[in-house]
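The next block holds one structure in the form of structure tokens; read it before the comments.
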Amino acid sequence: MAQKTQIILTDDIDGGEATQTVTFAFQGTSYEIDLNDEHAALIEESFSEWITNARKTTGRSSAAGGAPARSSSTRASSGPKRTDLDAVRAWARDNGHTVSDRGRVSNKILEAYDAR
């Protein structure tokens, strides 16, 4: 016997038909909301100024990094590339920071480097 399971999304704003699930995070908590295309565009527009001025964080495996996103979105890294770590270490030493020759560079040093 064949079975067919159908999932019908309901827009969490107006109760109508939703076309997508939007995920975002705020203050360390991840959220999902089912929306139609119009409501998804509104949330993306309302977040756009904040996203433009924010820095992305790494270490998250999903798009729930603080920005509304669809499952097809791609995320770019905002931190220095691995090839830049030698420059970061040199800058850190020149500016009184203690940093190892190998391994992870602390977020504190990376943030200070980015803010220079």
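Residues are referred to by chain and number: the chain letter is A, B, ... according to the order shown in the structure tokens, the number counts from 1 in that chain, and ligands are numbered separately from 1 in the order shown.
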Next on the checklist: Give me the residues near Leu42 in chain A as a list in words, where near means some atom within 12 Å (using only C-alpha atoms) and where sequence neighbours in that chain fewer than 6 positions away do not count.
Outcome noted: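 These residues fall inside the cut-off: Ile13, Val22, Leu35, Asn36, Ser48 and Pro68 of chain A.
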N, CA, C and O atoms of the current selection, written as a compact mmCIF listing (two decimals), in the first residue's frame:
# COMPACT_ATOMS: atom_id res chain seq x y z
N ILE A 13 1.48 34.79 10.36
CA ILE A 13 1.02 36.17 10.55
C ILE A 13 -0.48 36.28 10.32
O ILE A 13 -1.21 36.81 11.14
N VAL A 22 10.98 30.72 7.25
CA VAL A 22 12.11 31.64 7.40
C VAL A 22 12.72 31.39 8.77
O VAL A 22 12.01 31.29 9.77
N LEU A 35 5.83 31.69 6.43
CA LEU A 35 5.32 32.92 5.82
C LEU A 35 5.01 32.72 4.35
O LEU A 35 5.58 31.85 3.69
N ASN A 36 4.11 33.58 3.83
CA ASN A 36 3.91 33.63 2.40
C ASN A 36 5.02 34.52 1.81
O ASN A 36 5.80 35.13 2.54
N SER A 48 17.14 44.12 6.63
CA SER A 48 18.23 44.44 5.70
C SER A 48 19.19 45.50 6.24
O SER A 48 20.40 45.37 6.09
N PRO A 68 17.31 36.54 8.43
CA PRO A 68 16.31 35.70 7.81
C PRO A 68 16.90 35.10 6.55
O PRO A 68 17.58 35.77 5.82
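Residues surrounding Tyr31 in chain A within 9 Å are Val22, Thr23, Phe24, Ala25, Phe26 and Ala64 of chain A [only C-alpha atoms; sequence separation below 3 positions excluded].
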Next on the checklist: Neighbouring residues of Gly103 in chain A were defined as those with any atom within 12 Å, considering only C-alpha atoms; residues of the same chain fewer than 2 positions away were excluded. Please report them as an NGL selection string.
Outcome noted: :A and (82 or 85-86 or 89 or 99-101 or 105-106)
Write to file, as a PDB file, in the first residue's frame, the residues of the selection just made, with all heavy atoms.
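And here is the file that came out, again_9.pdb:
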ATOM      1  N   ARG A  82      42.184  32.167   6.045  1.00  0.00           N
ATOM      2  CA  ARG A  82      43.322  31.470   6.653  1.00  0.00           C
ATOM      3  C   ARG A  82      44.644  32.065   6.189  1.00  0.00           C
ATOM      4  O   ARG A  82      45.584  32.132   6.953  1.00  0.00           O
ATOM      5  CB  ARG A  82      43.281  29.991   6.297  1.00  0.00           C
ATOM      6  CG  ARG A  82      42.274  29.245   7.088  1.00  0.00           C
ATOM      7  CD  ARG A  82      42.781  27.847   7.364  1.00  0.00           C
ATOM      8  NE  ARG A  82      41.779  27.117   8.074  1.00  0.00           N
ATOM      9  CZ  ARG A  82      41.710  27.067   9.395  1.00  0.00           C
ATOM     10  NH1 ARG A  82      42.586  27.687  10.116  1.00  0.00           N
ATOM     11  NH2 ARG A  82      40.748  26.405   9.981  1.00  0.00           N
ATOM     12  N   LEU A  85      46.025  34.935   8.374  1.00  0.00           N
ATOM     13  CA  LEU A  85      46.325  34.763   9.799  1.00  0.00           C
ATOM     14  C   LEU A  85      47.752  35.171  10.148  1.00  0.00           C
ATOM     15  O   LEU A  85      48.004  35.667  11.248  1.00  0.00           O
ATOM     16  CB  LEU A  85      46.037  33.341  10.254  1.00  0.00           C
ATOM     17  CG  LEU A  85      44.553  32.974  10.301  1.00  0.00           C
ATOM     18  CD1 LEU A  85      44.362  31.539  10.762  1.00  0.00           C
ATOM     19  CD2 LEU A  85      43.776  33.923  11.201  1.00  0.00           C
ATOM     20  N   ASP A  86      48.691  34.996   9.230  1.00  0.00           N
ATOM     21  CA  ASP A  86      50.056  35.456   9.499  1.00  0.00           C
ATOM     22  C   ASP A  86      50.078  36.971   9.672  1.00  0.00           C
ATOM     23  O   ASP A  86      50.757  37.501  10.553  1.00  0.00           O
ATOM     24  CB  ASP A  86      51.009  35.040   8.378  1.00  0.00           C
ATOM     25  CG  ASP A  86      51.291  33.540   8.394  1.00  0.00           C
ATOM     26  OD1 ASP A  86      51.172  32.923   9.473  1.00  0.00           O
ATOM     27  OD2 ASP A  86      51.639  32.997   7.327  1.00  0.00           O
ATOM     28  N   ARG A  89      48.553  37.773  13.056  1.00  0.00           N
ATOM     29  CA  ARG A  89      49.511  37.513  14.138  1.00  0.00           C
ATOM     30  C   ARG A  89      50.580  38.603  14.211  1.00  0.00           C
ATOM     31  O   ARG A  89      50.941  39.060  15.298  1.00  0.00           O
ATOM     32  CB  ARG A  89      50.158  36.145  13.942  1.00  0.00           C
ATOM     33  CG  ARG A  89      49.233  34.995  14.257  1.00  0.00           C
ATOM     34  CD  ARG A  89      49.980  33.656  14.148  1.00  0.00           C
ATOM     35  NE  ARG A  89      49.128  32.577  14.593  1.00  0.00           N
ATOM     36  CZ  ARG A  89      48.383  31.816  13.787  1.00  0.00           C
ATOM     37  NH1 ARG A  89      48.413  32.023  12.483  1.00  0.00           N
ATOM     38  NH2 ARG A  89      47.616  30.876  14.287  1.00  0.00           N
ATOM     39  N   VAL A  99      50.167  36.139  21.000  1.00  0.00           N
ATOM     40  CA  VAL A  99      49.522  35.227  20.058  1.00  0.00           C
ATOM     41  C   VAL A  99      50.521  34.135  19.679  1.00  0.00           C
ATOM     42  O   VAL A  99      51.720  34.392  19.549  1.00  0.00           O
ATOM     43  CB  VAL A  99      48.999  35.987  18.808  1.00  0.00           C
ATOM     44  CG1 VAL A  99      50.119  36.623  18.035  1.00  0.00           C
ATOM     45  CG2 VAL A  99      48.174  35.100  17.922  1.00  0.00           C
ATOM     46  N   SER A 100      50.044  32.898  19.551  1.00  0.00           N
ATOM     47  CA  SER A 100      50.917  31.780  19.194  1.00  0.00           C
ATOM     48  C   SER A 100      51.231  31.792  17.706  1.00  0.00           C
ATOM     49  O   SER A 100      50.546  32.425  16.912  1.00  0.00           O
ATOM     50  CB  SER A 100      50.260  30.451  19.579  1.00  0.00           C
ATOM     51  OG  SER A 100      49.094  30.256  18.814  1.00  0.00           O
ATOM     52  N   ASP A 101      52.294  31.063  17.341  1.00  0.00           N
ATOM     53  CA  ASP A 101      52.686  30.972  15.938  1.00  0.00           C
ATOM     54  C   ASP A 101      51.753  30.083  15.133  1.00  0.00           C
ATOM     55  O   ASP A 101      51.672  30.215  13.914  1.00  0.00           O
ATOM     56  CB  ASP A 101      54.108  30.422  15.815  1.00  0.00           C
ATOM     57  CG  ASP A 101      55.147  31.396  16.333  1.00  0.00           C
ATOM     58  OD1 ASP A 101      54.889  32.613  16.295  1.00  0.00           O
ATOM     59  OD2 ASP A 101      56.216  30.937  16.770  1.00  0.00           O
ATOM     60  N   VAL A 105      43.485  31.716  16.447  1.00  0.00           N
ATOM     61  CA  VAL A 105      43.670  33.094  16.888  1.00  0.00           C
ATOM     62  C   VAL A 105      42.388  33.488  17.610  1.00  0.00           C
ATOM     63  O   VAL A 105      41.291  33.277  17.089  1.00  0.00           O
ATOM     64  CB  VAL A 105      43.947  34.033  15.691  1.00  0.00           C
ATOM     65  CG1 VAL A 105      44.051  35.472  16.149  1.00  0.00           C
ATOM     66  CG2 VAL A 105      45.217  33.610  14.965  1.00  0.00           C
ATOM     67  N   SER A 106      42.509  34.061  18.797  1.00  0.00           N
ATOM     68  CA  SER A 106      41.317  34.351  19.597  1.00  0.00           C
ATOM     69  C   SER A 106      40.408  35.363  18.909  1.00  0.00           C
ATOM     70  O   SER A 106      40.860  36.208  18.132  1.00  0.00           O
ATOM     71  CB  SER A 106      41.723  34.884  20.977  1.00  0.00           C
ATOM     72  OG  SER A 106      42.193  36.214  20.868  1.00  0.00           O
TER      73      SER A 106
END
Item to check | All residues 8 Å or closer to Asp12 in chain A, only C-alpha atoms, same chain fewer than 4 positions away omitted, as a VMD selection string | outcome: chain A and resid 18 33 to 35
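In this model, the gap between CA of Ser30 in chain A and CA of Tyr113 in chain A comes to 28.6 Å.
The smallest atom-to-atom distance between Glu17 in chain A and any of A:Ala54, A:Ala115, A:Glu38, A:Arg93, using only C-alpha atoms, is found for A:Glu38.
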Item to check | Computed interatomic separation between CA of Ala40 in chain A and CA of Thr57 in chain A (Å) | outcome: 22.7 Å
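For the residues A:Glu49, A:Asp11, A:Asp94, A:Asp114, ranking by smallest atom-to-atom distance to Asp37 in chain A using only C-alpha atoms places A:Asp11 first.
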Next on the checklist: Could you tell me how far CA of Arg55 in chain A sits from CA of Arg116 in chain A, in Å to one decimal place?
Outcome noted: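 The value is 14.9 Å.
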Item to check | Of the listed residues A:Thr19, A:Lys56, A:Ile7, A:Ile51, that which approaches His39 in chain A most closely, counting only C-alpha atoms | outcome: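 Result for the nearest residue to His39 in chain A: A:Thr19.
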Next on the checklist: Just checking: using only C-alpha atoms, which residue out of A:Met1, A:Ala90, A:Leu9, A:Thr58 ends up closest to Asn107 in chain A?
Outcome noted: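 Of A:Met1, A:Ala90, A:Leu9, A:Thr58, the one nearest Asn107 in chain A is A:Thr58, counting only C-alpha atoms.
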Checklist outcome for this item: Of A:Arg102, A:Gln6, A:Leu110, A:Thr21, the one sitting nearest Val88 in chain A when using only C-alpha atoms is A:Leu110
